Structure formats: C-alpha cells, structure tokens
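Reproduced below: start16.txt, with compact mmCIF, C-alpha atoms.
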```
# COMPACT_ATOMS: atom_id res chain seq x y z
CA MET I 1 -22.16 96.46 36.35
CA PHE I 2 -19.44 93.86 36.04
CA THR I 3 -16.56 95.07 38.18
CA ARG I 4 -12.94 94.01 38.36
CA GLU I 5 -12.79 93.83 42.17
CA ALA I 6 -16.21 92.41 43.09
CA GLY I 7 -17.67 90.76 40.00
CA ARG I 8 -21.27 91.57 39.12
CA LEU I 9 -22.97 94.22 41.24
CA ALA I 10 -26.30 96.03 41.00
CA PHE I 11 -26.39 99.77 41.70
CA ILE I 12 -29.07 102.34 42.32
CA VAL I 13 -28.13 105.58 40.60
CA PRO I 14 -30.04 108.88 40.73
CA VAL I 15 -30.98 110.13 37.28
CA PRO I 16 -29.02 113.32 36.56
CA LYS I 17 -31.36 116.28 35.92
CA THR I 18 -28.71 118.79 34.86
CA SER I 19 -25.53 118.70 32.81
CA LYS I 20 -23.60 119.86 35.88
CA SER I 21 -24.24 116.61 37.75
CA ARG I 22 -21.17 114.48 38.54
CA LEU I 23 -23.01 111.33 37.39
CA LYS I 24 -23.73 112.03 33.73
CA LYS I 25 -26.27 110.05 31.70
CA GLN I 26 -23.74 109.06 29.05
CA TYR I 27 -21.72 107.21 31.69
CA PHE I 28 -24.42 104.56 31.86
CA GLN I 29 -24.74 103.57 28.22
CA PRO I 30 -24.22 99.83 27.53
CA MET I 31 -20.59 98.64 27.66
CA THR I 32 -19.22 101.98 28.87
CA LEU I 33 -15.94 101.52 30.76
CA LEU I 34 -16.09 103.35 34.09
CA GLU I 35 -14.03 103.98 37.18
CA VAL I 36 -16.44 104.04 40.12
CA GLU I 37 -16.35 104.71 43.84
CA CYS I 38 -18.64 102.79 46.18
CA ASP I 39 -18.79 100.92 49.47
CA VAL I 40 -19.80 97.35 48.68
CA ARG I 41 -22.13 95.87 51.30
CA GLN I 42 -22.51 92.12 51.00
CA ARG I 43 -26.12 91.86 52.20
CA VAL I 44 -27.43 94.79 50.16
CA GLN I 45 -28.99 94.05 46.76
CA LEU I 46 -28.62 97.57 45.34
CA GLN I 47 -25.30 99.26 46.04
CA LYS I 48 -25.00 103.04 46.24
CA LEU I 49 -22.67 104.71 43.78
CA LYS I 50 -20.61 107.55 45.23
CA ASP I 51 -18.92 108.71 42.05
CA ALA I 52 -18.21 107.61 38.49
CA ARG I 53 -15.96 108.80 35.71
CA LEU I 54 -14.95 107.45 32.34
CA LEU I 55 -12.13 104.94 32.48
CA VAL I 56 -11.88 104.98 28.69
CA ALA I 57 -13.77 107.38 26.43
CA TYR I 58 -14.97 105.68 23.25
CA THR I 59 -14.21 107.64 20.09
CA SER I 60 -16.14 105.65 17.48
CA ILE I 61 -18.65 103.22 19.05
CA PRO I 62 -21.32 105.85 19.89
CA PHE I 63 -21.18 107.22 16.33
CA SER I 64 -21.10 103.98 14.31
CA PRO I 65 -24.44 102.14 13.81
CA GLU I 66 -22.60 98.85 13.24
CA LYS I 67 -20.38 99.16 16.29
CA LEU I 68 -23.30 100.35 18.40
CA ALA I 69 -25.34 97.30 17.35
CA LEU I 70 -22.41 95.04 18.27
CA SER I 71 -21.99 96.67 21.67
CA LEU I 72 -25.72 96.42 22.43
CA PHE I 73 -25.65 92.73 21.53
CA VAL I 74 -22.58 92.13 23.72
CA ALA I 75 -24.20 94.04 26.60
CA GLU I 76 -27.41 92.00 26.45
CA PHE I 77 -25.45 88.77 26.09
CA LEU I 78 -23.23 89.51 29.11
CA TYR I 79 -26.26 90.52 31.18
CA TYR I 80 -27.38 86.88 31.09
CA ALA I 81 -24.02 85.12 30.72
CA LEU I 82 -22.56 86.81 33.82
CA HIS I 83 -25.73 86.65 35.88
CA SER I 84 -23.96 85.36 39.01
CA GLU I 85 -20.31 85.89 38.10
CA GLN I 86 -17.96 86.57 41.00
CA GLN I 87 -14.62 88.38 40.86
CA ASN I 88 -12.72 87.38 37.74
CA VAL I 89 -9.93 89.80 36.89
CA ALA I 90 -8.92 87.94 33.72
CA LEU I 91 -12.51 88.02 32.44
CA PHE I 92 -12.84 91.73 33.22
CA SER I 93 -9.61 92.43 31.34
CA TYR I 94 -10.81 90.38 28.36
CA ILE I 95 -14.10 92.28 28.11
CA SER I 96 -12.43 95.66 28.60
CA SER I 97 -9.68 95.07 26.04
CA SER I 98 -12.19 93.63 23.55
CA MET I 99 -14.36 96.73 23.67
CA GLN I 100 -11.34 98.99 23.31
CA TRP I 101 -10.23 96.97 20.29
CA LEU I 102 -13.67 97.41 18.71
CA ASP I 103 -13.60 101.14 19.36
CA MET I 104 -10.20 101.53 17.69
CA ALA I 105 -10.95 99.24 14.73
CA THR I 106 -11.18 101.08 11.41
CA GLY I 107 -12.65 98.19 9.42
CA SER I 108 -12.96 94.39 9.09
CA TYR I 109 -14.74 93.90 12.40
CA ALA I 110 -17.87 92.11 11.12
CA ASN I 111 -16.79 88.92 12.93
CA PHE I 112 -16.18 90.69 16.25
CA HIS I 113 -19.16 89.20 18.09
CA LEU I 114 -18.37 85.69 16.88
CA THR I 115 -14.77 85.88 18.04
CA PHE I 116 -15.80 87.53 21.30
CA LEU I 117 -18.35 84.82 22.17
CA MET I 118 -16.07 81.93 21.28
CA HIS I 119 -13.15 83.11 23.40
CA LEU I 120 -15.40 84.24 26.25
CA SER I 121 -16.30 80.59 26.86
CA ARG I 122 -12.70 80.00 28.00
CA PHE I 123 -13.27 82.27 31.02
CA LEU I 124 -16.61 80.67 31.87
CA GLY I 125 -15.24 77.13 31.90
CA PHE I 126 -16.58 75.48 28.74
CA TYR I 127 -14.17 76.38 25.93
CA PRO I 128 -14.26 73.60 23.28
CA ASN I 129 -11.70 70.82 23.40
CA LEU I 130 -9.10 71.43 20.68
CA GLU I 131 -8.41 67.79 19.80
CA VAL I 132 -9.40 67.11 16.18
CA SER I 133 -8.67 64.49 13.56
CA ASP I 134 -6.67 65.15 10.40
CA ASP I 135 -9.31 63.62 8.12
CA TRP I 136 -11.95 66.12 9.36
CA ASN I 137 -14.76 63.60 9.15
CA MET I 138 -15.80 64.70 12.64
CA MET I 139 -18.88 66.01 14.36
CA PHE I 140 -19.04 68.44 17.26
CA ASP I 141 -20.85 67.56 20.49
CA LEU I 142 -22.32 70.81 21.79
CA ARG I 143 -23.08 69.37 25.21
CA GLU I 144 -19.58 68.00 25.79
CA GLY I 145 -17.78 70.77 23.91
CA ARG I 146 -15.62 68.38 21.90
CA PHE I 147 -15.18 66.88 18.46
CA CYS I 148 -16.22 63.26 17.96
CA THR I 149 -16.11 60.66 15.20
CA SER I 150 -19.59 59.25 15.81
CA ALA I 151 -22.93 60.88 16.53
CA PRO I 152 -23.84 61.31 20.23
CA THR I 153 -27.04 59.78 21.60
CA HIS I 154 -28.64 63.25 21.83
CA ARG I 155 -29.49 65.82 19.14
CA ASP I 156 -27.22 68.65 20.27
CA PHE I 157 -24.36 68.12 17.85
CA LEU I 158 -23.09 69.49 14.53
CA GLN I 159 -22.45 67.54 11.35
CA PRO I 160 -18.88 67.68 9.94
CA ASP I 161 -19.54 70.61 7.58
CA GLU I 162 -20.70 72.84 10.45
CA ALA I 163 -18.18 71.39 12.89
CA ARG I 164 -15.52 72.89 10.65
CA LEU I 165 -16.96 76.32 11.38
CA ILE I 166 -16.41 75.77 15.11
CA HIS I 167 -12.81 74.81 14.44
CA LEU I 168 -12.45 77.92 12.30
CA MET I 169 -13.81 80.12 15.10
CA MET I 170 -11.35 78.64 17.57
CA ARG I 171 -8.49 79.78 15.33
CA MET I 172 -9.73 83.35 14.93
CA ASP I 173 -8.76 86.30 17.10
CA PHE I 174 -9.37 90.03 16.73
CA PRO I 175 -6.19 90.85 14.73
CA THR I 176 -6.60 87.91 12.32
CA MET I 177 -10.38 87.59 11.94
CA ARG I 178 -10.26 89.92 8.91
CA LEU I 179 -8.54 87.07 7.03
CA TYR I 180 -11.65 84.89 7.34
CA ARG I 181 -14.33 86.09 4.94
CA LEU I 182 -17.81 84.91 5.87
CA SER I 183 -21.13 85.56 4.18
CA ARG I 184 -23.97 87.03 6.21
CA MET I 185 -25.66 83.61 6.09
CA ASP I 186 -22.54 81.91 7.50
CA ARG I 187 -22.13 84.59 10.15
CA ASN I 188 -25.75 84.34 11.29
CA ARG I 189 -25.59 80.56 11.39
CA ILE I 190 -22.43 80.67 13.51
CA VAL I 191 -23.95 83.07 16.03
CA ASP I 192 -27.04 80.83 16.27
CA VAL I 193 -24.79 77.84 17.01
CA LEU I 194 -22.77 79.79 19.57
CA LEU I 195 -25.93 80.92 21.36
CA GLN I 196 -27.20 77.34 21.37
CA TYR I 197 -23.86 76.28 22.85
CA TYR I 198 -24.18 78.85 25.64
CA ARG I 199 -27.77 77.86 26.37
CA LEU I 200 -26.66 74.28 26.92
CA HIS I 201 -24.08 75.40 29.48
CA ILE I 202 -25.85 78.32 31.19
CA PRO I 203 -29.27 77.53 32.72
CA GLN I 204 -32.24 79.68 31.64
CA PHE I 205 -30.31 81.61 29.00
CA PRO I 206 -33.08 83.38 27.01
CA GLU I 207 -33.53 84.53 23.44
CA LEU I 208 -31.77 87.83 22.82
CA LYS I 209 -33.79 90.78 21.55
CA SER I 210 -30.77 92.50 20.01
CA LEU I 211 -29.94 89.53 17.78
CA SER I 212 -32.45 90.43 15.05
CA VAL I 213 -30.79 93.82 14.53
CA LEU I 214 -27.34 92.26 14.40
CA GLN I 215 -28.40 89.71 11.81
CA GLU I 216 -29.30 92.47 9.34
CA LEU I 217 -25.78 93.92 9.28
CA TRP I 218 -23.13 93.32 6.61
CA LYS I 219 -25.12 92.03 3.68
CA ASP I 220 -22.00 90.78 1.85
```

Any chance you could put this one into structure tokens?
Amino acid sequence: MFTREAGRLAFIVPVPKTSKSRLKKQYFQPMTLLEVECDVRQRVQLQKLKDARLLVAYTSIPFSPEKLALSLFVAEFLYYALHSEQQNVALFSYISSSMQWLDMATGSYANFHLTFLMHLSRFLGFYPNLEVSDDWNMMFDLREGRFCTSAPTHRDFLQPDEARLIHLMMRMDFPTMRLYRLSRMDRNRIVDVLLQYYRLHIPQFPELKSLSVLQELWKD
C-alpha cells in the first residue's frame, strides 16, 4: 500500500473466509482507496493490519472494462514507480483525486493514463522543463527532460514531430484532455515514450504486463 502518513508499506493480511469478516476481499483490489488502522514498526518488513474500511467506494471502475484496465495499468505502474517512496502527502492526494476523477468520469477518459503519467513525474522530481522555442524546430532530450535545438550525444531523444507530443501532454489535464483527440496509434506511441522516460529516471523499471491489454482499447 501507498499510505499518506508513512509512504509505501507492505502488509500481511489474513484472507477472509466468510462474508462476515471485517477485512473483506474487495477491499484489496488494485487502486482501492482505504482507511486503515495499524501500528507501523520501522524494522518490520510486513506490517500487521488491524482494520480496514473503504475511504471512497468506487461506483463505476469495477463495472467498466475500460476503467478497470486503466486502474490495473496504474496499479502495476505505481508498484514499480513508488518502490521506495517515503511519505509524500501531495503525491498521495494526486493519486487519490485522480482515481476519484476516473471513477466519476462519464466519457472522454481515453487519455487518462497519459495525463496521469505525465503529471506524476512532477511529484517524483523529473517533470520536463517547460522552456520551448516558438519555431518548434526542437527535439526532446529524454535523459535531461528538456527541449533542445540540437541532437544530444546519446540516442534517448525525440525528433521534433514527436517532441510536439510531449509538449501537448504537458498542457493536458483531466478536465481538458477530452479536447485533444488522439488516434490509438498516437496514444500507444505516447505511452511507450512515457514509459521509456520513466525507465531512464527510475532504475530497474521493468516491462509492464498490463500494457498489452491497455493498447487494445479505444480503436478510434
């Protein structure tokens, strides 16, 4: 779990055998928002969970294949991106509010994961530099996280046509992302670039198993 007060923690939880158990199975689905009670012991790898209850009950995510695929992707992504994350209240609030936005969205959320990943980098310390040129004949250095007018000495950079997509993503947020219509090919290319960007900044970031499912969504 990623917690507001203590950052990332690992818990050992008994599997409920009856529906009368206080700790219900549905509480531990990916990206569920919980209020938990526990005594955090610094030298213990697996914390013991005293109690848990829903902080927010999702009304649409569990019943929407598209939203469920998005939440599974986000869960797998955060599992690796926040591997050693300490307390970060702003980050916790961002993740929590993002998932609640997705749950309440009635349409036009196909770019959710792209917007989520781009803005998440701000909390992890490598959000792209916003300085760009008016002529837009610029490349994007993925290692440095900035736009540049000449090619770097390494291969981890984007040509001007794809660098524009990064600039586009930096302008998008959840309320306005519906205004940016992307094809499935564009969307899949952007998520590939974003994952490459994260791999350059987070050591040992692996390939994600949930990505293949996500890439099949929204054929238009």

> Distance atom CA of I:Arg171-atom CA of I:Ile202, one decimal place?
Replying inline: 23.6 Å

>> Could you list, as an MDAnalysis selection string, every residue within 8 Å of stretch 205-216 of chain I, counting all atoms listed in the file and ignoring same-chain residues fewer than 6 positions away?
In response: chainID I and resid 69:70 72:73 76:77 80:81 184 188 198:199

Per-residue nearest contacts stretch 62-93 of chain I to stretch 98-102 of chain I, cut-off 10 Å, using all atoms listed in the file, as a tab-separated table:
```
residue	atom	partner	partner_atom	distance
I:Lys67	CA	I:Leu102	CA	7.3
I:Leu70	CA	I:Leu102	CA	9.1
I:Ser71	CA	I:Met99	CA	7.9
I:Val74	CA	I:Met99	CA	9.4
I:Phe92	CA	I:Ser98	CA	9.9
I:Ser93	CA	I:Ser98	CA	8.3
```

Keeping only C-alpha atoms, write those residues as a compact mmCIF listing (two decimals), keeping the file's coordinate frame.
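Wrote it out as out_18.txt, contents follow:
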```txt
# COMPACT_ATOMS: atom_id res chain seq x y z
CA LYS I 67 -20.38 99.16 16.29
CA LEU I 70 -22.41 95.04 18.27
CA SER I 71 -21.99 96.67 21.67
CA VAL I 74 -22.58 92.13 23.72
CA PHE I 92 -12.84 91.73 33.22
CA SER I 93 -9.61 92.43 31.34
```

> Which of these, I:Glu131, I:Glu85, I:Glu144, I:Asp51, has the shortest distance to I:Arg4 once you count only C-alpha atoms?
Replying inline: I:Glu85

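Taking all atoms listed in the file into account, I:Val89 lies nearest to I:Phe123 out of the set I:Tyr197, I:Phe123, I:Tyr27, I:Trp136.
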
> Got a sec: who's within 8 Å of stretch 53-56 of chain I, counting only C-alpha atoms, leaving out chain neighbours fewer than 6 positions off, as an MDAnalysis selection string?
Replying inline: chainID I and resid 23 27 32:36
